[in-house]
$ cat input_14.csv   # CSV, C-alpha atoms
chain,number,residue,atom,x,y,z
K,1,MET,CA,-34.8,-18.2,-10.1
K,2,ALA,CA,-33.6,-19.5,-6.7
K,3,VAL,CA,-30.7,-21.4,-8.4
K,4,LEU,CA,-29.7,-18.2,-10.3
K,5,ALA,CA,-29.8,-16.1,-7.1
K,6,ALA,CA,-27.6,-18.5,-5.0
K,7,PRO,CA,-24.1,-17.5,-6.4
K,8,ALA,CA,-25.1,-13.8,-6.0
K,9,ARG,CA,-26.2,-14.5,-2.4
K,10,ARG,CA,-22.9,-16.4,-1.7
K,11,ARG,CA,-20.8,-13.5,-3.2
K,12,ALA,CA,-22.7,-11.0,-1.1
K,13,SER,CA,-22.1,-13.1,2.0
K,14,ASP,CA,-18.4,-13.5,1.2
K,15,ALA,CA,-18.1,-9.7,0.7
K,16,THR,CA,-19.8,-9.1,4.1
K,17,SER,CA,-17.5,-11.5,5.9
K,18,ARG,CA,-14.5,-9.9,4.1
K,19,ASN,CA,-15.6,-6.4,5.2
K,20,GLY,CA,-16.1,-7.8,8.8
K,21,TRP,CA,-12.5,-9.0,8.8
K,22,LEU,CA,-11.2,-5.7,7.4
K,23,LEU,CA,-13.1,-3.8,10.1
K,24,ILE,CA,-11.6,-5.9,12.8
K,25,LEU,CA,-8.1,-5.5,11.3
K,26,ASN,CA,-8.6,-1.7,11.0
K,27,GLY,CA,-9.8,-1.5,14.6
K,28,ALA,CA,-6.8,-3.6,15.8
K,29,ALA,CA,-4.4,-1.4,13.8
K,30,ALA,CA,-5.9,1.8,15.3
K,31,LEU,CA,-5.7,0.5,18.9
K,32,LEU,CA,-2.1,-0.7,18.4
K,33,VAL,CA,-1.0,2.5,16.8
K,34,LEU,CA,-2.6,4.5,19.6
K,35,ALA,CA,-0.8,2.3,22.2
K,36,THR,CA,2.5,2.8,20.3
K,37,LEU,CA,2.1,6.6,20.3
K,38,VAL,CA,1.4,6.6,24.1
K,39,ALA,CA,4.4,4.3,24.8
K,40,ALA,CA,6.8,6.1,22.4
K,41,LEU,CA,5.9,9.7,23.4
K,42,ALA,CA,4.9,9.4,27.1
K,43,LEU,CA,5.9,6.1,28.8
K,44,THR,CA,9.4,5.5,27.4
K,45,PRO,CA,12.3,7.6,28.9
K,46,PRO,CA,14.3,9.9,26.6
K,47,GLU,CA,17.6,8.6,25.4
K,48,ARG,CA,20.7,9.6,27.4
K,49,VAL,CA,22.6,11.4,24.6
K,50,GLU,CA,20.0,12.4,22.0
K,51,GLY,CA,17.2,13.2,24.5
K,52,ASN,CA,13.6,13.4,23.2
K,53,VAL,CA,14.5,13.5,19.5
K,54,PHE,CA,15.4,9.8,19.8
K,55,ARG,CA,11.7,9.0,19.9
K,56,ILE,CA,11.7,9.4,16.1
K,57,PHE,CA,13.4,5.9,16.2
K,58,TYR,CA,10.0,4.3,17.2
K,59,VAL,CA,8.4,5.3,13.9
K,60,HIS,CA,11.5,5.4,11.7
K,61,VAL,CA,12.6,1.8,12.2
K,62,PRO,CA,9.1,0.2,11.8
K,63,LEU,CA,8.6,2.3,8.6
K,64,ALA,CA,11.9,0.9,7.3
K,65,TRP,CA,10.7,-2.6,8.2
K,66,LEU,CA,7.5,-2.1,6.3
K,67,MET,CA,9.5,-0.8,3.3
K,68,TYR,CA,11.5,-4.0,3.2
K,69,VAL,CA,8.4,-6.2,3.5
K,70,ALA,CA,6.5,-4.2,0.8
K,71,PHE,CA,9.4,-4.6,-1.7
K,72,PHE,CA,9.8,-8.2,-0.8
K,73,VAL,CA,6.1,-8.7,-1.7
K,74,VAL,CA,6.7,-6.9,-5.0
K,75,PHE,CA,9.6,-9.2,-5.7
K,76,ALA,CA,7.7,-12.4,-4.8
K,77,ALA,CA,4.5,-11.3,-6.6
K,78,SER,CA,6.4,-10.3,-9.7
K,79,ALA,CA,8.1,-13.8,-9.8
K,80,LEU,CA,4.7,-15.5,-9.3
K,81,TYR,CA,3.2,-13.3,-12.1
K,82,LEU,CA,6.0,-14.3,-14.6
K,83,TRP,CA,5.4,-18.0,-13.6
K,84,LYS,CA,1.6,-18.1,-13.5
K,85,ARG,CA,0.6,-15.0,-15.6
K,86,SER,CA,-2.2,-14.3,-13.1
K,87,ASP,CA,-3.6,-10.8,-13.0
K,88,THR,CA,-4.0,-11.1,-9.2
K,89,TRP,CA,-0.2,-11.4,-8.7
K,90,ASP,CA,0.3,-8.4,-11.0
K,91,ARG,CA,-2.1,-6.4,-8.9
K,92,VAL,CA,-0.4,-7.5,-5.6
K,93,ALA,CA,2.9,-6.3,-7.0
K,94,ARG,CA,1.5,-3.0,-8.3
K,95,VAL,CA,-0.2,-2.2,-5.0
K,96,SER,CA,2.8,-3.3,-2.8
K,97,ALA,CA,5.1,-1.1,-4.9
K,98,GLU,CA,2.9,2.0,-4.3
K,99,VAL,CA,2.6,1.3,-0.6
K,100,GLY,CA,6.3,0.6,-0.4
K,101,LEU,CA,7.1,3.8,-2.1
K,102,LEU,CA,5.0,5.7,0.5
K,103,PHE,CA,6.9,4.0,3.4
K,104,THR,CA,10.2,4.7,1.7
K,105,THR,CA,9.3,8.4,1.4
K,106,LEU,CA,8.4,8.6,5.1
K,107,VAL,CA,11.6,6.8,6.1
K,108,LEU,CA,13.7,9.3,4.1
K,109,ILE,CA,11.8,12.3,5.5
K,110,SER,CA,11.8,11.0,9.2
K,111,GLY,CA,15.5,10.1,8.8
K,112,SER,CA,16.3,13.6,7.5
K,113,ILE,CA,14.5,15.3,10.3
K,114,TRP,CA,16.2,13.1,12.8
K,115,GLY,CA,19.6,13.7,11.1
K,116,ARG,CA,19.5,17.5,11.4
K,117,PRO,CA,19.8,17.7,15.2
K,118,VAL,CA,22.0,14.6,15.6
K,119,TRP,CA,24.4,14.9,12.6
K,120,GLY,CA,24.0,18.6,12.0
K,121,VAL,CA,22.8,18.1,8.4
K,122,TRP,CA,19.4,17.4,6.7
K,123,TRP,CA,21.1,15.1,4.1
K,124,THR,CA,24.5,13.5,3.5
K,125,TRP,CA,25.7,11.1,0.9
K,126,ASP,CA,26.0,8.4,3.4
K,127,ALA,CA,25.8,4.7,2.1
K,128,ARG,CA,22.5,3.9,3.9
K,129,LEU,CA,20.8,7.2,2.8
K,130,THR,CA,22.1,7.0,-0.8
K,131,THR,CA,21.1,3.3,-1.3
K,132,THR,CA,17.6,4.1,0.2
K,133,LEU,CA,17.3,7.0,-2.2
K,134,VAL,CA,18.2,4.7,-5.1
K,135,LEU,CA,15.5,2.3,-3.9
K,136,TRP,CA,13.0,5.1,-3.9
K,137,PHE,CA,13.9,6.0,-7.5
K,138,ILE,CA,13.7,2.3,-8.6
K,139,TYR,CA,10.1,1.9,-7.3
K,140,LEU,CA,9.2,5.4,-8.6
K,141,ALA,CA,10.3,4.2,-12.1
K,142,TYR,CA,8.3,1.0,-11.5
K,143,LEU,CA,5.1,3.0,-10.8
K,144,LEU,CA,5.8,5.4,-13.7
K,145,LEU,CA,6.1,2.4,-16.0
K,146,ARG,CA,2.8,1.1,-14.8
K,147,ALA,CA,1.1,4.5,-15.1
K,148,TYR,CA,2.3,5.4,-18.6
K,149,ALA,CA,2.4,2.0,-20.3
K,150,GLN,CA,-0.3,1.1,-22.8
K,151,GLU,CA,-3.1,-0.9,-21.3
K,152,GLY,CA,-3.1,-4.6,-22.2
K,153,GLY,CA,0.4,-4.4,-23.5
K,154,GLN,CA,3.7,-5.8,-22.2
K,155,ALA,CA,3.7,-3.5,-19.2
K,156,PRO,CA,3.0,-6.2,-16.5
K,157,ARG,CA,5.9,-8.3,-17.8
K,158,TYR,CA,8.4,-5.4,-17.9
K,159,ALA,CA,7.2,-4.3,-14.5
K,160,ALA,CA,7.6,-7.8,-13.1
K,161,VAL,CA,11.2,-7.9,-14.4
K,162,LEU,CA,11.9,-4.5,-12.8
K,163,GLY,CA,10.2,-5.6,-9.6
K,164,ILE,CA,12.6,-8.6,-9.4
K,165,ILE,CA,15.8,-6.7,-10.4
K,166,GLY,CA,14.9,-3.7,-8.2
K,167,PHE,CA,14.8,-5.9,-5.1
K,168,VAL,CA,18.6,-6.4,-5.4
K,169,ASP,CA,18.9,-3.0,-3.8
K,170,VAL,CA,17.1,-4.1,-0.6
K,171,PRO,CA,19.9,-6.2,0.8
K,172,ILE,CA,22.4,-3.5,-0.3
K,173,VAL,CA,20.4,-1.0,1.8
K,174,GLN,CA,20.3,-3.4,4.8
K,175,PHE,CA,24.0,-4.3,4.7
K,176,SER,CA,25.3,-0.9,3.5
K,177,VAL,CA,26.1,0.1,7.1
K,178,THR,CA,28.3,-3.0,7.6
K,179,TRP,CA,30.0,-2.8,4.2
K,180,TRP,CA,30.8,0.9,4.3
K,181,ARG,CA,31.4,2.7,7.6
K,182,THR,CA,29.7,6.0,7.2
K,183,LEU,CA,27.4,8.2,9.3
K,184,HIS,CA,24.3,6.0,9.8
K,185,PRO,CA,24.6,3.8,12.8
K,186,GLN,CA,24.8,0.0,12.3
K,187,SER,CA,21.8,-2.2,12.9
K,188,THR,CA,23.0,-3.6,16.3
K,189,VAL,CA,20.2,-2.3,18.5
K,190,LEU,CA,19.5,-5.7,20.0
K,191,GLU,CA,23.2,-6.8,20.4
K,192,SER,CA,24.8,-3.7,21.9
K,193,GLY,CA,22.6,-3.3,25.0
K,194,HIS,CA,22.2,0.3,24.0
K,195,LEU,CA,18.4,0.2,24.6
K,196,SER,CA,16.8,-0.2,28.0
K,197,GLY,CA,14.1,-2.8,28.6
K,198,SER,CA,11.2,-0.2,28.2
K,199,MET,CA,12.8,1.1,25.0
K,200,LEU,CA,13.0,-2.4,23.5
K,201,ALA,CA,9.4,-3.1,24.6
K,202,THR,CA,8.2,0.1,22.8
K,203,LEU,CA,10.2,-0.8,19.7
K,204,PHE,CA,8.6,-4.3,19.6
K,205,LEU,CA,5.1,-2.9,20.2
K,206,SER,CA,5.8,-0.3,17.4
K,207,LEU,CA,7.0,-3.0,15.0
K,208,ILE,CA,3.8,-5.1,15.7
K,209,ALA,CA,1.5,-2.0,15.4
K,210,PHE,CA,3.1,-0.8,12.1
K,211,THR,CA,2.9,-4.4,10.7
K,212,VAL,CA,-0.8,-4.6,11.4
K,213,PHE,CA,-1.3,-1.0,10.2
K,214,GLY,CA,0.7,-1.7,7.0
K,215,LEU,CA,-1.4,-4.9,6.3
K,216,ALA,CA,-4.6,-2.9,6.7
K,217,ILE,CA,-3.3,-0.2,4.3
K,218,PHE,CA,-2.2,-2.9,1.8
K,219,LEU,CA,-5.6,-4.7,1.9
K,220,GLN,CA,-7.5,-1.4,1.6
K,221,ARG,CA,-5.4,-0.4,-1.4
K,222,PHE,CA,-5.7,-3.9,-2.9
K,223,ARG,CA,-9.5,-3.6,-2.6
K,224,LEU,CA,-9.4,-0.2,-4.4
K,225,GLU,CA,-7.2,-1.6,-7.2
K,226,THR,CA,-9.5,-4.6,-7.7
K,227,LEU,CA,-12.5,-2.3,-7.9
K,228,ARG,CA,-10.6,-0.1,-10.5
K,229,ASP,CA,-9.8,-3.2,-12.6
K,230,HIS,CA,-13.5,-4.2,-12.3
K,231,ALA,CA,-14.6,-0.8,-13.5
K,232,ARG,CA,-12.2,-0.9,-16.4
K,233,ALA,CA,-13.5,-4.3,-17.5
K,234,LEU,CA,-17.1,-3.1,-17.2
K,235,ARG,CA,-16.3,0.0,-19.3
K,236,GLN,CA,-14.6,-2.2,-21.9
K,237,GLN,CA,-17.7,-4.5,-22.0
K,238,LEU,CA,-20.0,-1.5,-22.4
K,239,ASP,CA,-17.8,0.0,-25.2
K,240,ASP,CA,-17.8,-3.4,-27.0
K,241,GLU,CA,-21.5,-3.8,-26.8
K,242,GLU,CA,-22.1,-0.2,-28.0
K,243,GLY,CA,-19.7,-0.9,-30.8
K,244,PHE,CA,-21.8,-3.8,-31.9
K,245,ALA,CA,-25.1,-1.9,-31.6
F,246,MET,CA,20.0,18.1,23.6
F,247,ASP,CA,16.2,18.0,23.3
F,248,ASN,CA,15.1,19.3,20.0
F,249,LEU,CA,11.4,18.8,20.6
F,250,GLY,CA,10.5,20.8,17.4
F,251,TYR,CA,12.2,18.1,15.3
F,252,LEU,CA,10.4,15.3,17.1
F,253,ILE,CA,7.0,17.0,16.6
F,254,ALA,CA,7.8,17.8,13.0
F,255,ALA,CA,8.7,14.1,12.3
F,256,TYR,CA,5.6,12.7,14.0
F,257,VAL,CA,3.2,15.3,12.3
F,258,ILE,CA,4.6,14.7,8.8
F,259,ILE,CA,4.6,10.9,9.1
F,260,TRP,CA,1.0,10.8,10.4
F,261,LEU,CA,-0.2,13.4,8.0
F,262,GLY,CA,1.3,11.5,5.2
F,263,LEU,CA,-0.3,8.2,6.3
F,264,PHE,CA,-3.7,9.7,6.9
F,265,ALA,CA,-3.7,11.7,3.7
F,266,TYR,CA,-3.1,8.4,1.9
F,267,LEU,CA,-5.9,6.6,3.8
F,268,PHE,CA,-8.2,9.6,3.1
F,269,TRP,CA,-7.4,9.5,-0.6
F,270,MET,CA,-8.1,5.7,-0.7
F,271,SER,CA,-11.4,6.0,1.0
F,272,GLY,CA,-12.5,8.8,-1.4
F,273,MET,CA,-11.4,6.7,-4.4
F,274,LEU,CA,-13.3,3.7,-3.0
F,275,LYS,CA,-16.5,5.7,-2.8
F,276,THR,CA,-16.1,7.2,-6.3
F,277,LEU,CA,-15.2,3.9,-7.9
F,278,GLY,CA,-18.0,2.0,-6.1
F,279,ALA,CA,-20.5,4.5,-7.5
F,280,GLU,CA,-19.0,4.2,-11.0
F,281,VAL,CA,-19.1,0.4,-10.9
F,282,GLU,CA,-22.8,0.5,-9.8
F,283,GLU,CA,-23.6,2.9,-12.7
F,284,LEU,CA,-21.8,0.8,-15.3
F,285,ARG,CA,-23.6,-2.3,-14.0
F,286,LEU,CA,-27.0,-0.5,-14.4
F,287,ARG,CA,-26.1,0.6,-17.9
F,288,LEU,CA,-25.0,-2.9,-18.9
F,289,ARG,CA,-28.2,-4.4,-17.4
F,290,ALA,CA,-30.4,-1.8,-19.3
F,291,ARG,CA,-28.5,-2.5,-22.5
F,292,SER,CA,-29.0,-6.3,-22.2
F,293,ASP,CA,-32.7,-5.8,-21.3
F,294,GLN,CA,-33.0,-3.7,-24.4
F,295,SER,CA,-31.3,-6.2,-26.7
F,296,GLU,CA,-33.4,-9.1,-25.2
F,297,ALA,CA,-36.6,-7.1,-25.9
F,298,GLY,CA,-35.4,-6.3,-29.5
F,299,ALA,CA,-34.6,-10.0,-30.1
F,300,GLN,CA,-38.2,-11.2,-29.4
F,301,PRO,CA,-40.3,-11.9,-32.5
F,302,PRO,CA,-42.9,-9.2,-33.2
F,303,ALA,CA,-46.5,-10.2,-32.4
F,304,PRO,CA,-48.6,-11.1,-35.5
F,305,VAL,CA,-50.7,-8.2,-36.8
F,306,GLU,CA,-54.0,-10.1,-36.9
F,307,ALA,CA,-53.5,-11.3,-33.4
F,308,ALA,CA,-52.9,-7.8,-32.2
F,309,GLY,CA,-56.1,-6.7,-34.0
F,310,ARG,CA,-58.4,-9.3,-32.4

$ encode --input "input_14.csv" --output "structure tokens"
Amino acid sequence: MAVLAAPARRRASDATSRNGWLLILNGAAALLVLATLVAALALTPPERVEGNVFRIFYVHVPLAWLMYVAFFVVFAASALYLWKRSDTWDRVARVSAEVGLLFTTLVLISGSIWGRPVWGVWWTWDARLTTTLVLWFIYLAYLLLRAYAQEGGQAPRYAAVLGIIGFVDVPIVQFSVTWWRTLHPQSTVLESGHLSGSMLATLFLSLIAFTVFGLAIFLQRFRLETLRDHARALRQQLDDEEGFA
Amino acid sequence: MDNLGYLIAAYVIIWLGLFAYLFWMSGMLKTLGAEVEELRLRLRARSDQSEAGAQPPAPVEAAGR
């Protein structure tokens, strides 16, 4: 009896320690995000030309960073899935695509709200904006493929291929402002001396805070997806046993 | 050029979006956790039933004694 109970006890202890780490990560994310909000909205001075609306920069840029990271994870996990055929890598790719799509949506919305007072338009077919919108559609297609494909079929393989090919748009988004000179400013924040010391400090704090927050969101979503797969497997087992009975 | 309204709108939409997603995830975690627990119980009950059914029936005379 004690021998049988040992793995269950070990699993329970692993889960408790995982939950402990998740709690610490969530707490750290909440504190860092709060510090970022105070720094971005109260401590950092307004920008000389744009004024207070420039403060959107401290959330827009970190969200774009998270978008890149999430889609890189989709790319890497998809390649690893094709190589190892492990369900875990498929799950990582699936979760990261969803989280990445959320960040891309928020990047597009925050950019549009920022663009209205600065450029005078909500939307323009600028190279950076257009390639980002294309990126949004690519990962929307990825998630639709996952949602509507038959269970246990070829969907993970097709999705992995799309996850790898779709990533081609990420460097295009990044370098679009260099290749085509349009409305969106170039990514020369650090080089141009455009930002003061406190602005740079807030930007770095914001990048760290959003990275921790993004990781917490990803892990929480991964936990949910693992539970969903587990429920699906249990349902299948129950159906099989009821079929035999 | 101040445009505080745009700044507030951007922050509100971003944080509402992120917190709505977190809220949805936490709700789904609760629902799925309960479903997994129920499925486990049903599977355990089924395996208990089949174990009981697989045991040989007690001899009639032994039961009568």

$ closest_atom_pairs --input "input_14.csv" --of "region 57-139 of chain K" --to "region 250-264 of chain F" --cutoff "8 Å" --atoms "only C-alpha atoms" --output "CSV"
residue,atom,partner,partner_atom,distance
K:Val59,CA,F:Tyr256,CA,7.9
K:Leu106,CA,F:Ile259,CA,6.0
K:Ile109,CA,F:Ala255,CA,7.7
K:Ser110,CA,F:Ala255,CA,5.4
K:Ile113,CA,F:Tyr251,CA,6.2
K:Trp114,CA,F:Tyr251,CA,6.9
K:Pro117,CA,F:Tyr251,CA,7.6

$ write_last_selection --input "input_14.csv" --atoms "C-alpha atoms" --output "compact mmCIF listing (two decimals), in the frame of the given file"
# COMPACT_ATOMS: atom_id res chain seq x y z
CA VAL K 59 8.40 5.30 13.90
CA LEU K 106 8.40 8.60 5.10
CA ILE K 109 11.80 12.30 5.50
CA SER K 110 11.80 11.00 9.20
CA ILE K 113 14.50 15.30 10.30
CA TRP K 114 16.20 13.10 12.80
CA PRO K 117 19.80 17.70 15.20

$ interface_residues --input "input_14.csv" --of "chain F" --to "chain K" --cutoff "7 Å" --atoms "all atoms listed in the file" --output "ChimeraX atom specification"
/F:246-249,251-252,255,259,270,274,277,281,284,288

$ atom_distance --input "input_14.csv" --atom1 "CA of Thr226 (chain K)" --atom2 "CA of Pro156 (chain K)"
15.4 Å

$ atom_distance --input "input_14.csv" --atom1 "CA of Ala93 (chain K)" --atom2 "CA of Arg146 (chain K)"
10.8 Å

$ residues_around --input "input_14.csv" --residues "Pro185 (chain K)" --least-positions-apart "2" --cutoff "12 Å" --atoms "only C-alpha atoms" --output "list in words"
Phe57, Gly111, Gly115, Val118, Trp119, Asp126, Ala127, Arg128, Leu129, Gln174, Phe175, Ser176, Val177, Thr178, Trp180, Arg181, Thr182, Leu183, Ser187, Thr188, Val189, Ser192 and His194 of chain K

$ axis_aligned_box --input "input_14.csv" --around "region 193-208 of chain K" --padding-each-side "6 Å" --output "JSON"
{"center_x": 13.2, "center_y": -2.0, "center_z": 21.8, "size_x": 30.8, "size_y": 18.2, "size_z": 25.6}

$ atom_distance --input "input_14.csv" --atom1 "CA of Thr202 (chain K)" --atom2 "CA of Ala42 (chain K)"
10.8 Å

$ residues_around --input "input_14.csv" --residues "Val212 (chain K)" --least-positions-apart "4" --cutoff "8 Å" --atoms "only C-alpha atoms" --output "MDAnalysis selection string"
chainID K and resid 25 28:29 208 216

$ residues_around --input "input_14.csv" --residues "Glu98 (chain K)" --least-positions-apart "6" --cutoff "9 Å" --atoms "all atoms listed in the file" --output "NGL selection string"
:K and (70 or 139-140 or 143)

$ closest_residue --input "input_14.csv" --among "K:Arg157, K:Asp169, K:Val33, K:Asp90" --to "Phe72 (chain K)" --atoms "only C-alpha atoms"
K:Asp169

$ closest_residue --input "input_14.csv" --among "K:Val168, K:Ala40, K:Leu219, K:Ile138" --to "Ala97 (chain K)" --atoms "all atoms listed in the file"
K:Ile138
